[in-house]
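protein-v7.pdb (PDB, C-alpha atoms, pLDDT in the B column)
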```pdb
ATOM      1  CA  LEU A  67       0.000   0.000   0.000  1.00 74.00           C
ATOM      2  CA  LYS A  68       1.268   3.473  -0.898  1.00 86.00           C
ATOM      3  CA  ILE A  69      -0.175   4.809   2.344  1.00 91.00           C
ATOM      4  CA  ILE A  70       2.141   2.504   4.313  1.00 92.00           C
ATOM      5  CA  GLN A  71       5.132   3.627   2.251  1.00 92.00           C
ATOM      6  CA  LEU A  72       4.326   7.289   2.907  1.00 93.00           C
ATOM      7  CA  THR A  73       3.727   6.535   6.591  1.00 93.00           C
ATOM      8  CA  LEU A  74       7.171   4.940   6.852  1.00 92.00           C
ATOM      9  CA  LEU A  75       8.695   8.040   5.266  1.00 92.00           C
ATOM     10  CA  ILE A  76       6.944  10.276   7.803  1.00 93.00           C
ATOM     11  CA  LYS A  77       8.269   8.062  10.586  1.00 91.00           C
ATOM     12  CA  ASN A  78      11.820   8.315   9.276  1.00 89.00           C
ATOM     13  CA  LEU A  79      11.750  12.066   8.574  1.00 88.00           C
ATOM     14  CA  MET A  80       9.698  13.351  11.475  1.00 88.00           C
ATOM     15  CA  TYR A  81      10.241  11.072  14.465  1.00 85.00           C
ATOM     16  CA  PRO A  82      13.779  10.792  15.927  1.00 75.00           C
ATOM     17  CA  GLN A  83      14.481   7.250  17.067  1.00 70.00           C
ATOM     18  CA  LYS A  84      16.486   5.807  19.915  1.00 62.00           C
ATOM     19  CA  LYS A  85      19.920   4.563  18.949  1.00 62.00           C
ATOM     20  CA  VAL A  86      20.366   1.016  20.142  1.00 57.00           C
ATOM     21  CA  LYS A  87      23.916   0.177  21.097  1.00 60.00           C
ATOM     22  CA  THR A  88      25.017  -3.359  20.397  1.00 62.00           C
ATOM     23  CA  LYS A  89      27.911  -4.923  22.252  1.00 66.00           C
ATOM     24  CA  PRO A  90      30.668  -6.435  20.116  1.00 69.00           C
ATOM     25  CA  PRO A  91      30.817 -10.233  20.362  1.00 68.00           C
ATOM     26  CA  LYS A  92      33.309 -11.795  22.737  1.00 72.00           C
ATOM     27  CA  ARG A  93      36.168 -13.623  21.040  1.00 72.00           C
ATOM     28  CA  ASP A  94      38.770 -16.133  22.180  1.00 66.00           C
ATOM     29  CA  ILE A  95      42.541 -15.766  21.734  1.00 70.00           C
ATOM     30  CA  ASP A  96      42.212 -17.131  18.190  1.00 68.00           C
ATOM     31  CA  GLY A  97      39.676 -14.478  17.260  1.00 69.00           C
ATOM     32  CA  LYS A  98      36.737 -16.878  17.096  1.00 72.00           C
ATOM     33  CA  GLU A  99      33.421 -15.652  18.399  1.00 72.00           C
ATOM     34  CA  ILE A 100      32.423 -17.139  21.743  1.00 72.00           C
ATOM     35  CA  GLN A 101      28.858 -18.354  21.707  1.00 71.00           C
ATOM     36  CA  GLY A 102      27.210 -17.225  24.921  1.00 63.00           C
ATOM     37  CA  LYS A 103      24.106 -18.633  26.485  1.00 62.00           C
ATOM     38  CA  LYS A 104      20.970 -17.208  24.923  1.00 61.00           C
ATOM     39  CA  ILE A 105      18.856 -15.362  27.477  1.00 55.00           C
ATOM     40  CA  LEU A 106      15.199 -14.921  26.661  1.00 56.00           C
ATOM     41  CA  LYS A 107      13.845 -11.418  27.131  1.00 56.00           C
ATOM     42  CA  SER A 108      11.253 -11.076  29.863  1.00 50.00           C
ATOM     43  CA  VAL A 109       7.850 -10.083  28.582  1.00 49.00           C
ATOM     44  CA  CYS A 110       4.601  -8.892  30.124  1.00 49.00           C
ATOM     45  CA  PRO A 111       1.030  -9.129  28.808  1.00 52.00           C
ATOM     46  CA  ASP A 112       1.387  -5.640  27.273  1.00 55.00           C
ATOM     47  CA  THR A 113       4.587  -6.474  25.388  1.00 59.00           C
ATOM     48  CA  LYS A 114       4.196  -5.662  21.707  1.00 65.00           C
ATOM     49  CA  ALA A 115       5.633  -7.797  18.948  1.00 65.00           C
ATOM     50  CA  PRO A 116       8.103  -5.923  16.724  1.00 67.00           C
ATOM     51  CA  LEU A 117       6.696  -4.422  13.563  1.00 69.00           C
ATOM     52  CA  PRO A 118       7.484  -6.307  10.340  1.00 67.00           C
ATOM     53  CA  ASN A 119      10.413  -4.951   8.380  1.00 75.00           C
ATOM     54  CA  ILE A 120       8.782  -3.318   5.346  1.00 78.00           C
ATOM     55  CA  PRO A 121      11.260  -2.200   2.668  1.00 80.00           C
ATOM     56  CA  LEU A 122      10.756   1.321   1.346  1.00 81.00           C
ATOM     57  CA  ASP A 123       9.754   1.723  -2.281  1.00 83.00           C
ATOM     58  CA  PRO A 124      12.763   3.434  -3.965  1.00 85.00           C
ATOM     59  CA  ASN A 125      10.380   5.232  -6.338  1.00 84.00           C
ATOM     60  CA  ILE A 126       9.042   7.086  -3.301  1.00 86.00           C
ATOM     61  CA  SER A 127      11.957   7.146  -0.863  1.00 82.00           C
ATOM     62  CA  THR A 128      14.480   8.576  -3.348  1.00 86.00           C
ATOM     63  CA  MET A 129      12.339  11.656  -3.971  1.00 88.00           C
ATOM     64  CA  THR A 130      13.276  14.877  -2.172  1.00 89.00           C
ATOM     65  CA  TRP A 131      10.603  15.407   0.458  1.00 89.00           C
ATOM     66  CA  ASP A 132       9.848  18.392   2.629  1.00 90.00           C
ATOM     67  CA  ILE A 133       8.022  17.212   5.763  1.00 91.00           C
ATOM     68  CA  ASP A 134       5.056  19.556   5.206  1.00 92.00           C
ATOM     69  CA  ASP A 135       4.697  18.452   1.580  1.00 93.00           C
ATOM     70  CA  LEU A 136       4.958  14.819   2.610  1.00 93.00           C
ATOM     71  CA  ILE A 137       2.220  15.153   5.231  1.00 94.00           C
ATOM     72  CA  TYR A 138       0.015  16.983   2.707  1.00 95.00           C
ATOM     73  CA  VAL A 139       0.423  14.154   0.159  1.00 95.00           C
ATOM     74  CA  TRP A 140      -0.132  11.576   2.916  1.00 95.00           C
ATOM     75  CA  ASN A 141      -3.393  13.262   3.947  1.00 95.00           C
ATOM     76  CA  GLN A 142      -4.566  13.324   0.340  1.00 95.00           C
ATOM     77  CA  VAL A 143      -3.835   9.612  -0.098  1.00 94.00           C
ATOM     78  CA  LEU A 144      -5.698   8.907   3.157  1.00 95.00           C
ATOM     79  CA  GLN A 145      -8.871  10.168   1.509  1.00 94.00           C
ATOM     80  CA  VAL A 146      -9.174   6.845  -0.315  1.00 93.00           C
ATOM     81  CA  PHE A 147     -10.455   5.565   3.049  1.00 95.00           C
ATOM     82  CA  LYS A 148     -13.145   8.229   3.446  1.00 93.00           C
ATOM     83  CA  ASP A 149     -15.934   5.786   2.495  1.00 95.00           C
ATOM     84  CA  VAL A 150     -14.317   2.747   4.102  1.00 96.00           C
ATOM     85  CA  ASN A 151     -17.369   2.010   6.241  1.00 97.00           C
ATOM     86  CA  THR A 152     -19.666   1.875   3.215  1.00 96.00           C
ATOM     87  CA  ILE A 153     -17.797  -1.109   1.732  1.00 96.00           C
ATOM     88  CA  SER A 154     -20.360  -3.876   1.271  1.00 96.00           C
ATOM     89  CA  ASP A 155     -17.972  -6.843   1.418  1.00 97.00           C
ATOM     90  CA  PRO A 156     -16.934  -7.504   5.054  1.00 97.00           C
ATOM     91  CA  SER A 157     -13.616  -9.120   4.070  1.00 97.00           C
ATOM     92  CA  ILE A 158     -12.629  -6.123   1.920  1.00 97.00           C
ATOM     93  CA  HIS A 159     -13.725  -3.805   4.713  1.00 97.00           C
ATOM     94  CA  ALA A 160     -11.513  -5.704   7.186  1.00 97.00           C
ATOM     95  CA  ALA A 161      -8.546  -5.446   4.800  1.00 96.00           C
ATOM     96  CA  ALA A 162      -9.063  -1.681   4.481  1.00 96.00           C
ATOM     97  CA  ILE A 163      -9.354  -1.222   8.256  1.00 97.00           C
ATOM     98  CA  LYS A 164      -6.172  -3.260   8.685  1.00 95.00           C
ATOM     99  CA  GLY A 165      -4.375  -0.828   6.361  1.00 94.00           C
ATOM    100  CA  ILE A 166      -5.535   2.050   8.554  1.00 96.00           C
ATOM    101  CA  CYS A 167      -4.472   0.200  11.715  1.00 96.00           C
ATOM    102  CA  ASP A 168      -1.032  -0.571  10.266  1.00 95.00           C
ATOM    103  CA  ALA A 169      -0.446   3.121   9.507  1.00 95.00           C
ATOM    104  CA  ILE A 170      -1.558   4.049  13.039  1.00 96.00           C
ATOM    105  CA  GLU A 171       0.705   1.436  14.610  1.00 95.00           C
ATOM    106  CA  ILE A 172       3.778   2.610  12.689  1.00 94.00           C
ATOM    107  CA  LEU A 173       3.355   6.219  13.815  1.00 94.00           C
ATOM    108  CA  GLN A 174       2.245   5.404  17.348  1.00 93.00           C
ATOM    109  CA  ARG A 175       5.299   3.193  17.924  1.00 91.00           C
ATOM    110  CA  ALA A 176       7.506   5.918  16.429  1.00 90.00           C
ATOM    111  CA  GLU A 177       6.047   8.506  18.826  1.00 89.00           C
ATOM    112  CA  GLU A 178       6.461   6.226  21.837  1.00 85.00           C
ATOM    113  CA  ASN A 179      10.114   5.633  20.924  1.00 84.00           C
ATOM    114  CA  ILE A 180      11.099   9.305  20.652  1.00 82.00           C
ATOM    115  CA  PRO A 181      13.996   9.917  23.079  1.00 78.00           C
ATOM    116  CA  ILE A 182      12.996  12.463  25.727  1.00 74.00           C
ATOM    117  CA  GLN A 183      15.992  14.679  24.925  1.00 71.00           C
ATOM    118  CA  SER A 184      14.978  14.820  21.239  1.00 72.00           C
ATOM    119  CA  ARG A 185      11.378  16.010  21.677  1.00 73.00           C
ATOM    120  CA  ASN A 186      12.290  19.701  21.857  1.00 73.00           C
ATOM    121  CA  ASP A 187      14.309  19.424  18.644  1.00 72.00           C
ATOM    122  CA  MET A 188      11.450  18.048  16.508  1.00 77.00           C
ATOM    123  CA  GLN A 189      10.396  20.178  13.535  1.00 75.00           C
ATOM    124  CA  ARG A 190       6.746  19.850  14.520  1.00 81.00           C
ATOM    125  CA  GLU A 191       4.532  18.160  17.101  1.00 85.00           C
ATOM    126  CA  PRO A 192       3.725  14.453  16.600  1.00 87.00           C
ATOM    127  CA  LEU A 193       0.624  13.879  14.505  1.00 91.00           C
ATOM    128  CA  CYS A 194      -2.630  13.655  16.488  1.00 91.00           C
ATOM    129  CA  LEU A 195      -3.617  10.172  15.332  1.00 94.00           C
ATOM    130  CA  ILE A 196      -6.983  10.050  17.098  1.00 94.00           C
ATOM    131  CA  ASN A 197      -8.064  13.211  15.258  1.00 93.00           C
ATOM    132  CA  ILE A 198      -6.901  11.846  11.904  1.00 95.00           C
ATOM    133  CA  PHE A 199      -8.198   8.267  12.124  1.00 96.00           C
ATOM    134  CA  GLY A 200     -10.689   8.287  15.002  1.00 95.00           C
ATOM    135  CA  HIS A 201     -13.859   8.983  13.009  1.00 96.00           C
ATOM    136  CA  TRP A 202     -13.284   5.983  10.701  1.00 97.00           C
ATOM    137  CA  LEU A 203     -12.582   3.699  13.651  1.00 97.00           C
ATOM    138  CA  PHE A 204     -15.621   4.859  15.642  1.00 97.00           C
ATOM    139  CA  GLU A 205     -17.913   4.471  12.620  1.00 97.00           C
ATOM    140  CA  SER A 206     -16.627   0.952  12.026  1.00 97.00           C
ATOM    141  CA  CYS A 207     -17.631  -0.111  15.541  1.00 96.00           C
ATOM    142  CA  TYR A 208     -21.301   0.591  14.755  1.00 95.00           C
ATOM    143  CA  LEU A 209     -21.418  -1.754  11.754  1.00 95.00           C
ATOM    144  CA  PRO A 210     -23.492  -4.985  11.801  1.00 94.00           C
ATOM    145  CA  GLU A 211     -22.349  -8.380  13.085  1.00 92.00           C
ATOM    146  CA  SER A 212     -21.168  -9.466   9.624  1.00 95.00           C
ATOM    147  CA  TYR A 213     -18.338  -6.902   9.869  1.00 96.00           C
ATOM    148  CA  ILE A 214     -16.962  -8.418  13.085  1.00 96.00           C
ATOM    149  CA  GLN A 215     -13.417  -8.799  11.745  1.00 96.00           C
ATOM    150  CA  GLY A 216     -13.141  -5.120  10.835  1.00 97.00           C
ATOM    151  CA  LYS A 217     -14.835  -4.108  14.076  1.00 97.00           C
ATOM    152  CA  SER A 218     -12.331  -6.067  16.156  1.00 97.00           C
ATOM    153  CA  LEU A 219      -9.448  -4.316  14.372  1.00 97.00           C
ATOM    154  CA  ALA A 220     -11.078  -0.895  14.785  1.00 97.00           C
ATOM    155  CA  ILE A 221     -11.864  -1.198  18.504  1.00 97.00           C
ATOM    156  CA  GLY A 222      -8.366  -2.576  19.135  1.00 96.00           C
ATOM    157  CA  ALA A 223      -6.812   0.450  17.431  1.00 97.00           C
ATOM    158  CA  LEU A 224      -9.061   2.821  19.393  1.00 96.00           C
ATOM    159  CA  CYS A 225      -7.998   1.175  22.656  1.00 96.00           C
ATOM    160  CA  ARG A 226      -4.321   1.526  21.765  1.00 94.00           C
ATOM    161  CA  LEU A 227      -4.803   5.200  20.863  1.00 94.00           C
ATOM    162  CA  ILE A 228      -6.710   6.161  23.999  1.00 94.00           C
ATOM    163  CA  VAL A 229      -5.530   3.784  26.706  1.00 92.00           C
ATOM    164  CA  ARG A 230      -1.977   5.105  26.827  1.00 85.00           C
ATOM    165  CA  HIS A 231       0.084   7.636  28.760  1.00 76.00           C
ATOM    166  CA  TYR A 232      -0.535  11.170  27.481  1.00 65.00           C
ATOM    167  CA  GLY A 233       1.140  14.398  28.468  1.00 58.00           C
ATOM    168  CA  ASP A 234      -2.176  16.225  28.118  1.00 65.00           C
ATOM    169  CA  SER A 235      -5.586  14.984  29.210  1.00 78.00           C
ATOM    170  CA  LEU A 236      -7.986  13.849  26.506  1.00 85.00           C
ATOM    171  CA  PRO A 237     -11.238  15.761  25.889  1.00 90.00           C
ATOM    172  CA  LEU A 238     -14.134  14.457  27.974  1.00 92.00           C
ATOM    173  CA  GLU A 239     -16.334  14.302  24.867  1.00 94.00           C
ATOM    174  CA  LEU A 240     -13.853  11.925  23.225  1.00 94.00           C
ATOM    175  CA  LEU A 241     -13.556   9.779  26.346  1.00 94.00           C
ATOM    176  CA  SER A 242     -17.338   9.512  26.788  1.00 95.00           C
ATOM    177  CA  HIS A 243     -17.693   8.435  23.148  1.00 96.00           C
ATOM    178  CA  PHE A 244     -14.950   5.857  23.650  1.00 96.00           C
ATOM    179  CA  TYR A 245     -16.546   4.480  26.826  1.00 96.00           C
ATOM    180  CA  ALA A 246     -19.892   4.188  25.028  1.00 96.00           C
ATOM    181  CA  ILE A 247     -18.286   2.277  22.143  1.00 96.00           C
ATOM    182  CA  VAL A 248     -16.430  -0.090  24.494  1.00 96.00           C
ATOM    183  CA  SER A 249     -19.569  -0.857  26.498  1.00 95.00           C
ATOM    184  CA  LEU A 250     -21.581  -1.356  23.280  1.00 95.00           C
ATOM    185  CA  CYS A 251     -18.997  -3.737  21.799  1.00 95.00           C
ATOM    186  CA  LEU A 252     -18.733  -5.767  25.004  1.00 94.00           C
ATOM    187  CA  LYS A 253     -22.525  -6.012  25.172  1.00 93.00           C
ATOM    188  CA  GLN A 254     -23.066  -6.924  21.513  1.00 92.00           C
ATOM    189  CA  HIS A 255     -20.042  -9.217  21.130  1.00 91.00           C
ATOM    190  CA  PRO A 256     -19.355 -11.119  24.367  1.00 89.00           C
ATOM    191  CA  ASN A 257     -16.890 -14.004  24.035  1.00 88.00           C
ATOM    192  CA  SER A 258     -15.825 -12.943  20.556  1.00 93.00           C
ATOM    193  CA  ILE A 259     -12.791 -11.488  18.776  1.00 96.00           C
ATOM    194  CA  VAL A 260     -14.231  -8.017  19.451  1.00 96.00           C
ATOM    195  CA  SER A 261     -14.333  -8.407  23.230  1.00 94.00           C
ATOM    196  CA  TRP A 262     -10.918 -10.116  23.182  1.00 94.00           C
ATOM    197  CA  SER A 263      -9.495  -7.201  21.188  1.00 95.00           C
ATOM    198  CA  ILE A 264     -10.715  -4.801  23.886  1.00 95.00           C
ATOM    199  CA  ILE A 265      -9.266  -6.866  26.742  1.00 93.00           C
ATOM    200  CA  GLN A 266      -5.974  -7.341  24.923  1.00 93.00           C
ATOM    201  CA  ASN A 267      -5.482  -3.675  24.004  1.00 94.00           C
ATOM    202  CA  ALA A 268      -7.004  -1.976  27.061  1.00 92.00           C
ATOM    203  CA  SER A 269      -5.604  -4.154  29.847  1.00 89.00           C
ATOM    204  CA  ASN A 270      -4.468  -1.122  31.884  1.00 90.00           C
ATOM    205  CA  ILE A 271      -7.555   1.030  31.259  1.00 91.00           C
ATOM    206  CA  PHE A 272      -8.278   1.346  35.002  1.00 91.00           C
ATOM    207  CA  ASN A 273      -4.673   2.213  35.914  1.00 90.00           C
ATOM    208  CA  LEU A 274      -4.385   5.543  34.084  1.00 87.00           C
ATOM    209  CA  ALA A 275      -6.899   7.590  36.090  1.00 85.00           C
ATOM    210  CA  LEU A 276      -8.899   8.436  32.972  1.00 89.00           C
ATOM    211  CA  PRO A 277     -11.839  10.657  33.981  1.00 91.00           C
ATOM    212  CA  GLY A 278     -15.063   8.666  34.276  1.00 92.00           C
ATOM    213  CA  VAL A 279     -13.494   5.312  33.376  1.00 92.00           C
ATOM    214  CA  ASN A 280     -15.093   3.612  36.401  1.00 91.00           C
ATOM    215  CA  ILE A 281     -18.333   3.566  34.452  1.00 92.00           C
ATOM    216  CA  LEU A 282     -16.875   0.635  32.504  1.00 92.00           C
ATOM    217  CA  ILE A 283     -16.133  -1.559  35.541  1.00 90.00           C
ATOM    218  CA  PRO A 284     -19.455  -3.486  35.367  1.00 90.00           C
ATOM    219  CA  HIS A 285     -18.824  -4.255  31.691  1.00 89.00           C
ATOM    220  CA  PHE A 286     -15.414  -5.786  32.436  1.00 87.00           C
ATOM    221  CA  ILE A 287     -16.596  -7.951  35.341  1.00 80.00           C
TER     222      ILE A 287
END
```
Can you present the structure in this file as C-alpha cells?
Amino acid sequence: LKIIQLTLLIKNLMYPQKKVKTKPPKRDIDGKEIQGKKILKSVCPDTKAPLPNIPLDPNISTMTWDIDDLIYVWNQVLQVFKDVNTISDPSIHAAAIKGICDAIEILQRAEENIPIQSRNDMQREPLCLINIFGHWLFESCYLPESYIQGKSLAIGALCRLIVRHYGDSLPLELLSHFYAIVSLCLKQHPNSIVSWSIIQNASNIFNLALPGVNILIPHFI
C-alpha cells in the first residue's frame, strides 16, 4: 500500500528514534566468536511484537521530500479511506481497516520511541492520530455483526490510541464516546474477537486515572 510507504517516510523524517547500542561479540585468543548462552527477554502481557520490516519503495523514498509536503500528500492519499465504512464486502472492509491500523501502529510506535531529549528538537509536534483516524474507527464499531473482523481491528486500534500515557488529558467528549463504544462492543459481542481485542489492548484502562473510566467496571466484570 502506498499509504504505508508514505507513513514509513513520515516516521523516518519526522520522528527521531532511539539509537540502540550493540555490544561487540566476545572472542577467544584465536579471534573466534564465543557463543554465549541465549537469554530470553522477559515479557509482560502488554509487550508488543516488533513491527514487520517493510522495505521502502525506492520510487518514493528517493524523492526529495519536505516534511510539510509529505504530510500533505499523505493526507490526500488517506482520503481513499473516506468511504471505508460503506464497503459492502466484510472481508474487503476488514482489509481496508487493517491498512488504517497498520499506519496508526507505525506512527504510534515511532512517537512512543522518541527519546525524551529529542522532543524539543522536533520540527513539529507528533501527529494527532486520534483526530486523523478516530472517526473511521468509531464508525466501524457501529457496523453490523457481519463486519466483526473489521470491528475487532477498529476497537483494538481505538484502545491503543486512547488507553496510553498522554502528556495532556484527553477531551471528555472523546472519552465519553470511547466508553460508550467499548460498552456497546462488550454487550453486543461477548466471548468474541471483538471483546478479546478490547481486553488485549485496554488491559491497563483502570490504571491511568482516565476521567469517568469507572463507568466501565461493570462491563469488564
Once the PyMOL selection byres ((chain A and resi 131-147) around 7) is applied to the coordinates I shared, what remains selected? I want it as a PDB file with C-alpha atoms, in the frame of the given file.
```pdb
ATOM      1  CA  ILE A  69      -0.175   4.809   2.344  1.00 91.00           C
ATOM      2  CA  LEU A  72       4.326   7.289   2.907  1.00 93.00           C
ATOM      3  CA  LEU A  79      11.750  12.066   8.574  1.00 88.00           C
ATOM      4  CA  MET A 129      12.339  11.656  -3.971  1.00 88.00           C
ATOM      5  CA  THR A 130      13.276  14.877  -2.172  1.00 89.00           C
ATOM      6  CA  LYS A 148     -13.145   8.229   3.446  1.00 93.00           C
ATOM      7  CA  ASP A 149     -15.934   5.786   2.495  1.00 95.00           C
ATOM      8  CA  VAL A 150     -14.317   2.747   4.102  1.00 96.00           C
TER       9      VAL A 150
END
```
* To do: State, in Å with one decimal place, the distance from CA of Asp123 (chain A) to CA of Trp202 (chain A).
  => 26.8 Å
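Distance-wise, CA of Val229 (chain A) and CA of Ile271 (chain A) end up 5.7 Å apart.
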* For Glu177 (chain A), the nearest of the candidates A:Ile153, A:Cys207, A:Leu282, A:Met80, counting all atoms listed in the file ->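 Ranked by minimum distance to Glu177 (chain A), first place goes to A:Met80.
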* **CA of Glu178 (chain A) to CA of Leu252 (chain A), straight-line distance in Å** => 28.1 Å
* Asked: Between A:Ile214, A:Arg230, A:Leu173, A:Tyr208, which has the minimum distance to Val248 (chain A) (counting all atoms listed in the file)?
  ->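 When distances to Val248 (chain A) are compared using all atoms listed in the file, the smallest one comes from A:Tyr208.
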Quick one: residues within 12 Å of Ile265 (chain A), all atoms listed in the file, excluding same-chain residues fewer than 2 positions away - as a short mmCIF file (atom, residue, chain, number, x, y, z; two decimals) with C-alpha atoms, in the coordinates of the input?
```
data_model
loop_
_atom_site.label_atom_id
_atom_site.label_comp_id
_atom_site.auth_asym_id
_atom_site.auth_seq_id
_atom_site.Cartn_x
_atom_site.Cartn_y
_atom_site.Cartn_z
CA PRO A 111 1.03 -9.13 28.81
CA ASP A 112 1.39 -5.64 27.27
CA SER A 218 -12.33 -6.07 16.16
CA ILE A 221 -11.86 -1.20 18.50
CA GLY A 222 -8.37 -2.58 19.14
CA CYS A 225 -8.00 1.18 22.66
CA ARG A 226 -4.32 1.53 21.76
CA VAL A 229 -5.53 3.78 26.71
CA VAL A 248 -16.43 -0.09 24.49
CA SER A 249 -19.57 -0.86 26.50
CA CYS A 251 -19.00 -3.74 21.80
CA LEU A 252 -18.73 -5.77 25.00
CA PRO A 256 -19.36 -11.12 24.37
CA ASN A 257 -16.89 -14.00 24.04
CA SER A 258 -15.82 -12.94 20.56
CA ILE A 259 -12.79 -11.49 18.78
CA VAL A 260 -14.23 -8.02 19.45
CA SER A 261 -14.33 -8.41 23.23
CA TRP A 262 -10.92 -10.12 23.18
CA SER A 263 -9.49 -7.20 21.19
CA ASN A 267 -5.48 -3.68 24.00
CA ALA A 268 -7.00 -1.98 27.06
CA SER A 269 -5.60 -4.15 29.85
CA ASN A 270 -4.47 -1.12 31.88
CA ILE A 271 -7.56 1.03 31.26
CA PHE A 272 -8.28 1.35 35.00
CA HIS A 285 -18.82 -4.26 31.69
CA PHE A 286 -15.41 -5.79 32.44
CA ILE A 287 -16.60 -7.95 35.34
#
```
* Residues matched by the PyMOL selection byres ((chain A and resi 187-190) around 9), written as a PyMOL selection string -> chain A and resi 80-82+133+183-186+191-193
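Shown here are all protein and nucleic acid residues lying within 12 Å of (-16.3, 10.2, 27.7), with only C-alpha atoms considered: A:Ile228, A:Ser235, A:Leu236, A:Pro237, A:Leu238, A:Glu239, A:Leu240, A:Leu241, A:Ser242, A:His243, A:Phe244, A:Tyr245, A:Ala246, A:Ile247, A:Val248, A:Ser249, A:Leu276, A:Pro277, A:Gly278, A:Val279, A:Asn280, A:Ile281, A:Leu282.
Considering all atoms listed in the file, the residue among A:Ala162, A:Cys194, A:Leu274, A:Ala176 positioned nearest to Ile76 (chain A) is A:Ala176.
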* Asked: Smallest atom-to-atom distance to Pro121 (chain A): which of A:Ala161, A:Ile100, A:Ile70, A:Leu203, using only C-alpha atoms?
  ->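 When distances to Pro121 (chain A) are compared using only C-alpha atoms, the smallest one comes from A:Ile70.
You can rank A:Lys253, A:Arg175, A:His231, A:His159 by their closest distance to Lys217 (chain A) using only C-alpha atoms, and at the top of that list sits A:His159.
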* **Distance criterion (only C-alpha atoms): nearest to Gln254 (chain A) out of A:Glu211, A:Leu67, A:Ile182, A:Gly216** =>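 Under the stated criterion, the closest residue is A:Glu211.
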With 8 Å on each side, where is the centre of the axis-aligned box around all listed atoms of region 126-130 of chain A, and how long are its edges in Å to one decimal, as lines of an AutoDock Vina configuration file?
```
center_x = 11.8
center_y = 11.0
center_z = -2.4
size_x = 21.4
size_y = 23.8
size_z = 19.1
```
